[in-house]
$ cat model22.txt   # compact mmCIF, C-alpha atoms and all ligand atoms
# COMPACT_ATOMS: atom_id res chain seq x y z
CA VAL K 1 -8.48 17.77 3.35
CA ILE K 2 -5.76 15.14 3.14
CA THR K 3 -5.09 12.66 0.36
CA ALA K 4 -2.79 9.70 0.98
CA LEU K 5 -1.22 7.27 -1.47
CA ALA K 6 -1.23 3.91 0.25
CA GLY K 7 0.13 0.39 0.03
CA GLY K 8 -0.48 -2.15 2.79
CA VAL K 9 0.74 -2.36 6.39
CA GLY K 10 2.89 0.81 6.69
CA ALA K 11 0.20 2.90 5.03
CA ALA K 12 -2.57 1.45 7.18
CA LYS K 13 -0.60 2.31 10.32
CA LEU K 14 -0.05 5.93 9.25
CA LEU K 15 -3.70 6.27 8.21
CA ARG K 16 -4.73 5.08 11.66
CA GLY K 17 -2.65 7.97 13.03
CA LEU K 18 -3.99 10.49 10.50
CA VAL K 19 -7.57 9.82 11.57
CA ARG K 20 -6.54 10.47 15.18
CA VAL K 21 -5.50 14.02 14.30
CA HIS K 22 -7.91 14.79 11.42
CA ASP K 23 -11.58 14.27 10.71
CA PRO K 24 -11.70 10.94 8.82
CA ALA K 25 -14.34 12.41 6.51
CA GLY K 26 -11.63 14.75 5.17
CA VAL K 27 -9.14 11.95 4.48
CA THR K 28 -8.98 10.14 1.13
CA ALA K 29 -6.73 7.09 0.76
CA VAL K 30 -5.81 6.07 -2.79
CA VAL K 31 -4.79 2.44 -2.49
CA ASN K 32 -2.54 0.25 -4.64
CA THR K 33 -4.35 -2.54 -6.48
CA GLY K 34 -1.32 -3.89 -8.37
CA ASP K 35 -1.17 -6.70 -5.77
CA ASP K 36 -4.70 -7.84 -6.61
CA LEU K 37 -5.28 -11.36 -7.81
CA VAL K 38 -8.06 -13.74 -8.75
CA MET K 39 -7.90 -17.04 -6.94
CA HIS K 40 -10.59 -19.73 -6.67
CA GLY K 41 -12.61 -17.33 -8.84
CA LEU K 42 -12.46 -14.67 -6.11
CA HIS K 43 -11.17 -11.12 -6.54
CA ILE K 44 -8.71 -10.40 -3.73
CA SER K 45 -7.40 -6.86 -3.08
CA PRO K 46 -4.76 -7.33 -0.35
CA ASP K 47 -3.79 -3.69 0.16
CA LEU K 48 -7.39 -2.44 0.18
CA ASP K 49 -8.21 -5.15 2.70
CA THR K 50 -5.24 -4.34 4.95
CA VAL K 51 -6.36 -0.70 5.05
CA LEU K 52 -10.04 -1.65 5.49
CA TYR K 53 -9.33 -4.10 8.29
CA THR K 54 -6.87 -1.80 10.07
CA LEU K 55 -9.12 1.28 10.00
CA GLY K 56 -12.11 -0.94 10.81
CA GLY K 57 -10.28 -2.29 13.88
CA ARG K 58 -10.25 -5.85 12.56
CA ASN K 59 -6.70 -6.39 11.30
CA ASP K 60 -4.45 -9.08 12.73
CA ASP K 61 -1.61 -6.74 13.67
CA GLU K 62 0.73 -9.58 14.57
CA ARG K 63 0.45 -11.36 11.21
CA GLY K 64 0.19 -7.99 9.46
CA TRP K 65 -2.53 -9.07 7.04
CA GLY K 66 -5.97 -10.64 7.29
CA ARG K 67 -8.46 -10.52 10.13
CA ARG K 68 -7.93 -10.89 13.85
CA GLY K 69 -9.43 -14.01 15.44
CA GLU K 70 -9.21 -15.76 12.07
CA THR K 71 -9.89 -19.50 11.57
CA TRP K 72 -8.75 -21.61 8.62
CA THR K 73 -11.40 -24.31 8.22
CA VAL K 74 -11.97 -23.66 4.52
CA MET K 75 -8.23 -23.59 3.69
CA GLU K 76 -7.69 -26.89 5.52
CA ALA K 77 -10.57 -28.53 3.68
CA LEU K 78 -9.29 -27.07 0.40
CA GLY K 79 -5.80 -28.41 1.08
CA ALA K 80 -7.26 -31.86 1.78
CA LEU K 81 -8.87 -31.76 -1.67
CA GLY K 82 -5.50 -30.97 -3.23
CA GLY K 83 -6.57 -27.37 -3.96
CA GLU K 84 -4.20 -24.41 -4.12
CA ASP K 85 -3.67 -23.29 -0.54
CA TRP K 86 -0.34 -21.41 -0.60
CA PHE K 87 -2.18 -18.07 -0.55
CA ARG K 88 -4.02 -18.41 2.70
CA LEU K 89 -7.55 -17.06 2.86
CA GLY K 90 -9.05 -17.26 6.34
CA ASP K 91 -12.71 -18.00 6.96
CA LEU K 92 -13.55 -14.43 8.01
CA ASP K 93 -11.41 -12.93 5.23
CA LEU K 94 -13.21 -15.10 2.66
CA ALA K 95 -16.45 -13.28 3.39
CA THR K 96 -14.83 -10.07 2.10
CA HIS K 97 -13.65 -11.75 -1.11
CA LEU K 98 -17.02 -13.43 -1.65
CA TYR K 99 -18.80 -10.10 -1.20
CA ARG K 100 -16.41 -8.23 -3.51
CA SER K 101 -16.45 -10.91 -6.21
CA GLN K 102 -20.23 -11.20 -6.22
CA ARG K 103 -20.69 -7.43 -6.52
CA LEU K 104 -18.08 -7.18 -9.29
CA SER K 105 -19.82 -10.00 -11.17
CA GLN K 106 -23.04 -7.98 -10.92
CA GLY K 107 -21.26 -5.12 -12.70
CA ALA K 108 -20.38 -2.92 -9.72
CA SER K 109 -17.05 -1.08 -9.98
CA LEU K 110 -14.19 -1.84 -7.58
CA SER K 111 -14.54 1.67 -6.13
CA ALA K 112 -18.27 1.19 -5.52
CA VAL K 113 -17.65 -2.17 -3.83
CA THR K 114 -14.82 -0.69 -1.76
CA ALA K 115 -17.14 2.07 -0.54
CA GLU K 116 -19.73 -0.57 0.41
CA LEU K 117 -17.16 -2.62 2.33
CA ALA K 118 -15.87 0.51 4.09
CA ARG K 119 -19.37 1.42 5.20
CA ALA K 120 -20.06 -2.11 6.43
CA LEU K 121 -16.80 -2.18 8.41
CA GLY K 122 -17.35 1.26 9.92
CA VAL K 123 -14.49 2.94 8.03
CA ASP K 124 -15.11 6.69 7.68
CA VAL K 125 -12.05 7.46 5.56
CA HIS K 126 -12.82 7.84 1.86
CA LEU K 127 -11.10 4.73 0.55
CA VAL K 128 -10.55 4.43 -3.21
CA PRO K 129 -8.66 1.93 -5.33
CA MET K 130 -6.12 3.66 -7.58
CA SER K 131 -8.13 2.42 -10.58
CA ASP K 132 -11.27 0.45 -11.35
CA ASP K 133 -9.39 -1.12 -14.26
CA PRO K 134 -7.15 -4.14 -13.75
CA VAL K 135 -3.48 -3.29 -13.17
CA ARG K 136 -1.32 -6.27 -12.24
CA THR K 137 2.21 -6.06 -10.90
CA LYS K 138 4.50 -8.59 -12.61
CA VAL K 139 7.94 -9.43 -11.35
CA THR K 140 10.74 -10.77 -13.54
CA LEU K 141 13.17 -12.89 -11.56
CA ARG K 142 16.90 -13.10 -12.20
CA ASP K 143 16.41 -16.34 -14.13
CA GLY K 144 14.18 -14.46 -16.58
CA VAL K 145 10.90 -16.00 -15.44
CA GLU K 146 8.06 -13.53 -14.92
CA VAL K 147 5.62 -14.19 -12.08
CA PRO K 148 2.55 -12.39 -10.73
CA PHE K 149 3.27 -10.28 -7.64
CA GLN K 150 1.79 -12.63 -5.03
CA GLU K 151 3.79 -15.59 -6.40
CA TYR K 152 6.92 -13.54 -5.79
CA PHE K 153 5.77 -12.16 -2.45
CA VAL K 154 4.05 -15.11 -0.78
CA ARG K 155 4.90 -18.30 -2.68
CA LEU K 156 8.58 -17.45 -3.11
CA HIS K 157 8.68 -15.50 0.21
CA HIS K 158 10.24 -12.55 -1.77
CA ASP K 159 13.46 -14.47 -1.22
CA VAL K 160 14.59 -14.38 -4.86
CA ALA K 161 16.49 -11.76 -6.85
CA VAL K 162 14.44 -9.55 -9.15
CA SER K 163 15.60 -8.05 -12.45
CA SER K 164 12.55 -5.96 -13.36
CA VAL K 165 9.01 -5.03 -12.39
CA ARG K 166 6.14 -3.92 -14.62
CA PHE K 167 2.53 -2.94 -14.07
CA GLU K 168 0.45 -4.79 -16.62
CA GLY K 169 -2.60 -2.85 -17.77
CA ALA K 170 -1.43 0.46 -16.27
CA ASP K 171 -1.13 2.28 -19.62
CA ALA K 172 -4.78 1.59 -20.42
CA ALA K 173 -6.06 2.16 -16.88
CA ALA K 174 -7.92 5.26 -15.78
CA PRO K 175 -7.63 6.65 -12.26
CA ALA K 176 -10.70 5.66 -10.22
CA PRO K 177 -13.38 8.35 -9.96
CA GLY K 178 -12.25 11.10 -7.60
CA VAL K 179 -8.56 10.17 -7.48
CA LEU K 180 -7.19 13.11 -9.48
CA ALA K 181 -9.65 15.51 -7.87
CA ALA K 182 -8.60 14.31 -4.41
CA VAL K 183 -4.95 15.06 -5.25
CA ALA K 184 -5.84 18.44 -6.76
CA ALA K 185 -8.01 19.50 -3.80
CA ALA K 186 -5.84 18.25 -0.93
CA GLN K 187 -4.18 20.64 1.49
CA THR K 188 -1.67 17.87 2.07
CA VAL K 189 -0.83 14.86 -0.08
CA VAL K 190 0.86 12.10 1.87
CA VAL K 191 2.94 9.37 0.25
CA CYS K 192 2.69 6.69 2.95
CA PRO K 193 5.73 4.64 4.08
CA SER K 194 5.02 1.89 1.56
CA ASN K 195 7.29 0.08 -0.87
CA PRO K 196 8.33 2.73 -3.48
CA ILE K 197 8.64 0.13 -6.25
CA VAL K 198 5.68 -2.23 -5.84
CA SER K 199 3.21 -0.25 -3.68
CA ILE K 200 3.61 3.41 -4.67
CA GLY K 201 5.00 2.52 -8.14
CA PRO K 202 1.73 1.08 -9.48
CA ILE K 203 -0.27 4.13 -8.28
CA LEU K 204 2.19 6.45 -10.06
CA ALA K 205 1.90 4.30 -13.20
CA VAL K 206 -1.81 5.05 -13.57
CA PRO K 207 -1.97 7.76 -16.24
CA GLY K 208 -2.43 11.24 -14.79
CA VAL K 209 -1.50 10.49 -11.18
CA ARG K 210 2.19 11.42 -11.36
CA ALA K 211 1.40 14.69 -13.15
CA ALA K 212 -1.35 15.50 -10.63
CA LEU K 213 1.16 15.05 -7.80
CA ALA K 214 3.89 17.03 -9.57
CA ALA K 215 1.43 19.92 -9.98
CA ARG K 216 1.05 19.98 -6.17
CA ARG K 217 4.68 19.14 -5.40
CA ASP K 218 4.98 21.65 -2.54
CA ARG K 219 2.09 19.99 -0.75
CA VAL K 220 3.31 16.43 -1.22
CA VAL K 221 5.02 14.93 1.83
CA ALA K 222 6.43 11.41 1.64
CA VAL K 223 7.42 9.25 4.59
CA SER K 224 10.43 7.06 3.92
CA PRO K 225 9.73 3.32 4.22
CA ILE K 226 13.49 2.81 4.49
CA VAL K 227 15.03 3.35 7.90
CA ALA K 228 18.81 3.05 8.34
CA GLY K 229 19.10 1.38 4.94
CA ALA K 230 16.54 -1.34 5.65
CA ALA K 231 12.83 -1.86 5.06
CA LEU K 232 10.76 -2.16 8.23
CA LYS K 233 8.75 -4.88 6.55
CA GLY K 234 8.91 -6.68 3.22
CA PRO K 235 11.46 -6.53 0.40
CA ALA K 236 11.66 -2.77 -0.34
CA ASP K 237 15.37 -2.59 0.53
CA ARG K 238 16.35 -5.52 -1.68
CA LEU K 239 14.07 -4.43 -4.54
CA LEU K 240 15.56 -0.93 -4.53
CA ALA K 241 19.09 -2.31 -4.69
CA GLU K 242 18.27 -4.98 -7.30
CA LEU K 243 16.66 -2.38 -9.55
CA GLY K 244 19.64 -0.03 -9.38
CA HIS K 245 18.59 2.39 -6.64
CA GLU K 246 20.29 3.04 -3.34
CA SER K 247 18.57 1.31 -0.43
CA SER K 248 18.58 4.43 1.72
CA VAL K 249 16.63 7.63 2.26
CA ARG K 250 18.76 9.13 -0.53
CA GLY K 251 17.54 6.41 -2.90
CA VAL K 252 13.94 7.13 -1.90
CA ALA K 253 14.50 10.88 -2.34
CA GLU K 254 15.92 10.35 -5.83
CA LEU K 255 12.75 8.45 -6.81
CA TYR K 256 10.30 10.86 -5.21
CA ALA K 257 11.91 14.27 -5.82
CA PRO K 258 10.15 14.86 -9.19
CA PHE K 259 6.70 14.91 -7.57
CA ALA K 260 7.17 15.32 -3.79
CA GLY K 261 8.66 18.34 -2.05
CA THR K 262 9.34 16.90 1.39
CA LEU K 263 10.67 13.60 2.73
CA VAL K 264 10.17 12.61 6.36
CA VAL K 265 13.00 10.34 7.50
CA ASP K 266 13.57 8.57 10.78
CA GLU K 267 15.89 9.94 13.46
CA ALA K 268 18.25 7.10 12.64
CA ASP K 269 18.74 8.76 9.24
CA GLY K 270 19.29 12.27 10.59
CA PRO K 271 22.88 12.31 9.26
CA MET K 272 21.48 11.61 5.76
CA ALA K 273 19.39 14.80 5.72
CA PRO K 274 21.93 16.70 3.57
CA ALA K 275 21.90 13.84 1.04
CA VAL K 276 18.09 14.02 0.86
CA GLU K 277 18.28 17.79 0.34
CA ALA K 278 20.95 17.30 -2.34
CA ALA K 279 18.56 14.93 -4.11
CA GLY K 280 16.09 17.84 -4.26
CA MET K 281 13.72 17.22 -1.33
CA ARG K 282 13.27 19.15 1.87
CA CYS K 283 14.09 16.76 4.72
CA VAL K 284 12.23 16.49 8.00
CA VAL K 285 13.72 14.22 10.68
CA ALA K 286 11.26 12.58 13.09
CA ALA K 287 10.52 9.35 14.95
CA SER K 288 8.95 7.48 12.03
CA VAL K 289 8.75 3.91 13.30
CA MET K 290 5.15 3.35 14.40
CA HIS K 291 5.04 0.90 17.30
CA SER K 292 1.62 2.10 18.46
CA VAL K 293 -1.36 4.15 17.38
CA GLU K 294 0.04 6.96 19.53
CA ASP K 295 3.32 6.86 17.56
CA ALA K 296 1.29 6.97 14.35
CA ALA K 297 -0.68 10.01 15.54
CA VAL K 298 2.56 11.86 16.37
CA LEU K 299 3.98 11.03 12.93
CA ALA K 300 0.71 12.13 11.29
CA GLN K 301 1.05 15.47 13.04
CA VAL K 302 4.66 15.81 11.84
CA VAL K 303 3.58 15.08 8.26
CA THR K 304 0.77 17.63 8.41
CA GLU K 305 3.04 20.31 9.83
CA ALA K 306 5.71 19.53 7.25
CA ALA K 307 3.23 20.26 4.46
CA LEU K 308 2.20 23.53 6.10
CA ALA K 309 5.84 24.58 6.51
CA ALA K 310 6.59 23.80 2.86
CA ARG K 311 4.21 26.41 1.53
N1 LIG G 1 0.71 -12.81 2.96
C1 LIG G 1 1.44 -13.89 3.21
O1 LIG G 1 2.62 -13.76 3.53
N2 LIG G 1 0.89 -15.16 3.09
C2 LIG G 1 -0.40 -15.35 2.74
O2 LIG G 1 -0.86 -16.51 2.64
C3 LIG G 1 -1.22 -14.19 2.51
C4 LIG G 1 -2.56 -14.31 2.22
C5 LIG G 1 -3.34 -13.13 2.08
C6 LIG G 1 -4.71 -13.21 1.88
C7 LIG G 1 -5.48 -12.07 1.78
C8 LIG G 1 -4.87 -10.81 1.88
O3 LIG G 1 -5.61 -9.69 1.79
C9 LIG G 1 -3.50 -10.71 2.09
C10 LIG G 1 -2.72 -11.87 2.20
N3 LIG G 1 -1.36 -11.79 2.43
C11 LIG G 1 -0.62 -12.93 2.64
C12 LIG G 1 -0.68 -10.51 2.48
C13 LIG G 1 -0.34 -9.95 1.09
O4 LIG G 1 0.44 -10.80 0.35
C14 LIG G 1 0.42 -8.64 1.32
O5 LIG G 1 -0.36 -7.80 2.15
C15 LIG G 1 0.68 -7.78 0.18
O6 LIG G 1 0.02 -7.90 -0.98
C16 LIG G 1 1.88 -6.87 0.21
O7 LIG G 1 1.47 -5.56 0.48
$ encode --input "model22.txt" --output "structure tokens" --more "lines below"
Ligand code: FO1
Amino acid sequence: VITALAGGVGAAKLLRGLVRVHDPAGVTAVVNTGDDLVMHGLHISPDLDTVLYTLGGRNDDERGWGRRGETWTVMEALGALGGEDWFRLGDLDLATHLYRSQRLSQGASLSAVTAELARALGVDVHLVPMSDDPVRTKVTLRDGVEVPFQEYFVRLHHDVAVSSVRFEGADAAAPAPGVLAAVAAAQTVVVCPSNPIVSIGPILAVPGVRAALAARRDRVVAVSPIVAGAALKGPADRLLAELGHESSVRGVAELYAPFAGTLVVDEADGPMAPAVEAAGMRCVVAASVMHSVEDAAVLAQVVTEAALAAR
């Protein structure tokens, strides 16, 4: 039984590898929902959708998000009306948001709707949002203005300096049904190579999750999303530095050491292994950049073995 904490693209790639080497029915992915937003009255859960589409074989791997073979008829028509079209929702993708929004409006929980979508898309992994309650990541920019996460990420192309990040609603949120039990029961808990601040951070901010991980610290294996000081995708490196952390595997280790026993770092960071160990984590060096599903399966095997060796 494996439980993974997941953000978007990096997590989806590793999960695709994990289900190559483990029975998907034994894998639970707890997914960040701090990126969620309501737009045009629709509830959009970008990280859940990236994981759903990737495991369901429908993700546009080149763009990184949304569905393969996508068309944009609705967005073009919306733009022509003067509607908000900076957050691009493709025609196929819209079906997901329509389905989710309709079911939520009928009173279904986000976890129930996620299970329905997973079934419909042929995803066997147990996919759960971190919480059924709204948690919204808010980013304060250097000029003091606070914006919702997607305004920072998409509208401003995460090309602006950040002074702080908070997770609105987290204090009052409960972990979704099964989240704490999945951490408690797992042979291995994987912290996927996702942004430590805005992808893993919101999951840790849900009351009870951090303590549940800390209680299983020896079984928790994190994969560094930082390779040779840089993020493979997105603004993790800049965010770490702007918020006072080192943009390196040492910086990641300092954040994760309280609740994770092992950090998997890329071969490029082999020389940093002593620094990771000095920060309090066992360090495993491996090829961690996933160019293919085969790479992901090899990394998944490394992660699994690392957890076994830590016991
Ligand atoms: N990312 C973009 O860079 N531009 C977009 O217009 C955009 C639209 C979008 C729509 C649905 C969805 O599920 C994801 C979308 N993303 C878009 C990606 C999203 O911003 C990121 O996946 C994250 O939230 C960061 O993990």
$ residues_near_point --input "model22.txt" --point "(-11.8, 2.9, -1.8)" --cutoff "9 Å" --atoms "only C-alpha atoms" --output "list in words"
Thr28, Ala29, Val30, Val31, Leu48, Leu52, Leu110, Ser111, Ala112, Val113, Thr114, Ala115, Glu116, Leu117, Ala118, Val125, His126, Leu127, Val128, Pro129, Met130 and Ala176 of chain K
$ residues_near_ligand --input "model22.txt" --ligand "ligand LIG 1 (chain G)" --cutoff "6 Å" --atoms "only C-alpha atoms and all ligand atoms" --output "number ranges by chain"
K: 8, 35, 45-47, 49, 65-66, 86-89, 150, 154
$ closest_residue --input "model22.txt" --among "K:Asp218, K:Arg238, K:Ala286, K:Val179" --to "K:Asp159" --atoms "all atoms listed in the file"
K:Arg238
$ closest_residue --input "model22.txt" --among "K:Ser248, K:Ala236, K:Ala215, K:His43" --to "K:Gly261" --atoms "all atoms listed in the file"
K:Ala215
$ atom_distance --input "model22.txt" --atom1 "atom CA of K:Thr304" --atom2 "atom CA of K:Pro225"
17.4 Å
$ atom_distance --input "model22.txt" --atom1 "atom CA of K:Val249" --atom2 "atom CA of K:Ile226"
6.2 Å
$ residues_around --input "model22.txt" --residues "K:Ala186" --least-positions-apart "4" --cutoff "10 Å" --atoms "only C-alpha atoms" --output "PyMOL selection string"
chain K and resi 1-4+26-28+181-182+190+216+219-220
$ residues_near_point --input "model22.txt" --point "(18.3, 19.5, -5.6)" --cutoff "12 Å" --atoms "all atoms listed in the file" --output "number ranges by chain"
K: 250, 253-254, 256-258, 261-262, 274-283
$ write_last_selection --input "model22.txt" --atoms "C-alpha atoms" --output "CSV table (one decimal), keeping the file's coordinate frame"
chain,number,residue,atom,x,y,z
K,250,ARG,CA,18.8,9.1,-0.5
K,253,ALA,CA,14.5,10.9,-2.3
K,254,GLU,CA,15.9,10.4,-5.8
K,256,TYR,CA,10.3,10.9,-5.2
K,257,ALA,CA,11.9,14.3,-5.8
K,258,PRO,CA,10.2,14.9,-9.2
K,261,GLY,CA,8.7,18.3,-2.0
K,262,THR,CA,9.3,16.9,1.4
K,274,PRO,CA,21.9,16.7,3.6
K,275,ALA,CA,21.9,13.8,1.0
K,276,VAL,CA,18.1,14.0,0.9
K,277,GLU,CA,18.3,17.8,0.3
K,278,ALA,CA,21.0,17.3,-2.3
K,279,ALA,CA,18.6,14.9,-4.1
K,280,GLY,CA,16.1,17.8,-4.3
K,281,MET,CA,13.7,17.2,-1.3
K,282,ARG,CA,13.3,19.2,1.9
K,283,CYS,CA,14.1,16.8,4.7
$ closest_residue --input "model22.txt" --among "K:Gly90, K:Pro177, K:Gly208, K:Gly57" --to "K:Ser109" --atoms "all atoms listed in the file"
K:Pro177
$ atom_distance --input "model22.txt" --atom1 "atom CA of K:Val183" --atom2 "atom CA of K:Val303"
16.0 Å
$ closest_residue --input "model22.txt" --among "K:Ala300, K:Pro235, K:Val223, K:Val162" --to "K:Val284" --atoms "only C-alpha atoms"
K:Val223
$ residues_around --input "model22.txt" --residues "K:Gly201" --least-positions-apart "6" --cutoff "10 Å" --atoms "only C-alpha atoms" --output "mmCIF file with C-alpha atoms, keeping the file's coordinate frame"
data_model
loop_
_atom_site.group_PDB
_atom_site.id
_atom_site.type_symbol
_atom_site.label_atom_id
_atom_site.label_comp_id
_atom_site.auth_asym_id
_atom_site.auth_seq_id
_atom_site.Cartn_x
_atom_site.Cartn_y
_atom_site.Cartn_z
ATOM 1 C CA GLY K 7 0.130 0.390 0.030
ATOM 2 C CA ASN K 32 -2.540 0.250 -4.640
ATOM 3 C CA GLY K 34 -1.320 -3.890 -8.370
ATOM 4 C CA THR K 137 2.210 -6.060 -10.900
ATOM 5 C CA VAL K 165 9.010 -5.030 -12.390
ATOM 6 C CA ARG K 166 6.140 -3.920 -14.620
ATOM 7 C CA PHE K 167 2.530 -2.940 -14.070
ATOM 8 C CA SER K 194 5.020 1.890 1.560
ATOM 9 C CA ASN K 195 7.290 0.080 -0.870
ATOM 10 C CA ARG K 210 2.190 11.420 -11.360
ATOM 11 C CA LEU K 255 12.750 8.450 -6.810
#
$ residues_around --input "model22.txt" --residues "K:Thr71" --least-positions-apart "2" --cutoff "8 Å" --atoms "all atoms listed in the file" --output "PDB file with C-alpha atoms, in the frame of the given file"
ATOM      1  CA  GLY K  69      -9.430 -14.010  15.440  1.00  0.00           C
ATOM      2  CA  THR K  73     -11.400 -24.310   8.220  1.00  0.00           C
ATOM      3  CA  GLY K  90      -9.050 -17.260   6.340  1.00  0.00           C
ATOM      4  CA  ASP K  91     -12.710 -18.000   6.960  1.00  0.00           C
ATOM      5  CA  LEU K  92     -13.550 -14.430   8.010  1.00  0.00           C
TER       6      LEU K  92
END
$ closest_residue --input "model22.txt" --among "K:Asn59, K:Thr50, K:Gln301, K:Ser105" --to "K:Thr188" --atoms "all atoms listed in the file"
K:Gln301
$ closest_residue --input "model22.txt" --among "K:Val123, K:Ala80, K:Leu98, K:Ala170" --to "K:Gly41" --atoms "only C-alpha atoms"
K:Leu98
$ residues_around --input "model22.txt" --residues "K:Ser163" --least-positions-apart "6" --cutoff "10 Å" --atoms "all atoms listed in the file" --output "short mmCIF file (atom, residue, chain, number, x, y, z; two decimals) with C-alpha atoms, in the frame of the given file"
data_model
loop_
_atom_site.label_atom_id
_atom_site.label_comp_id
_atom_site.auth_asym_id
_atom_site.auth_seq_id
_atom_site.Cartn_x
_atom_site.Cartn_y
_atom_site.Cartn_z
CA VAL K 139 7.94 -9.43 -11.35
CA THR K 140 10.74 -10.77 -13.54
CA LEU K 141 13.17 -12.89 -11.56
CA ARG K 142 16.90 -13.10 -12.20
CA ASP K 143 16.41 -16.34 -14.13
CA GLY K 144 14.18 -14.46 -16.58
CA VAL K 145 10.90 -16.00 -15.44
CA GLU K 146 8.06 -13.53 -14.92
CA LEU K 239 14.07 -4.43 -4.54
CA GLU K 242 18.27 -4.98 -7.30
CA LEU K 243 16.66 -2.38 -9.55
CA GLY K 244 19.64 -0.03 -9.38
#
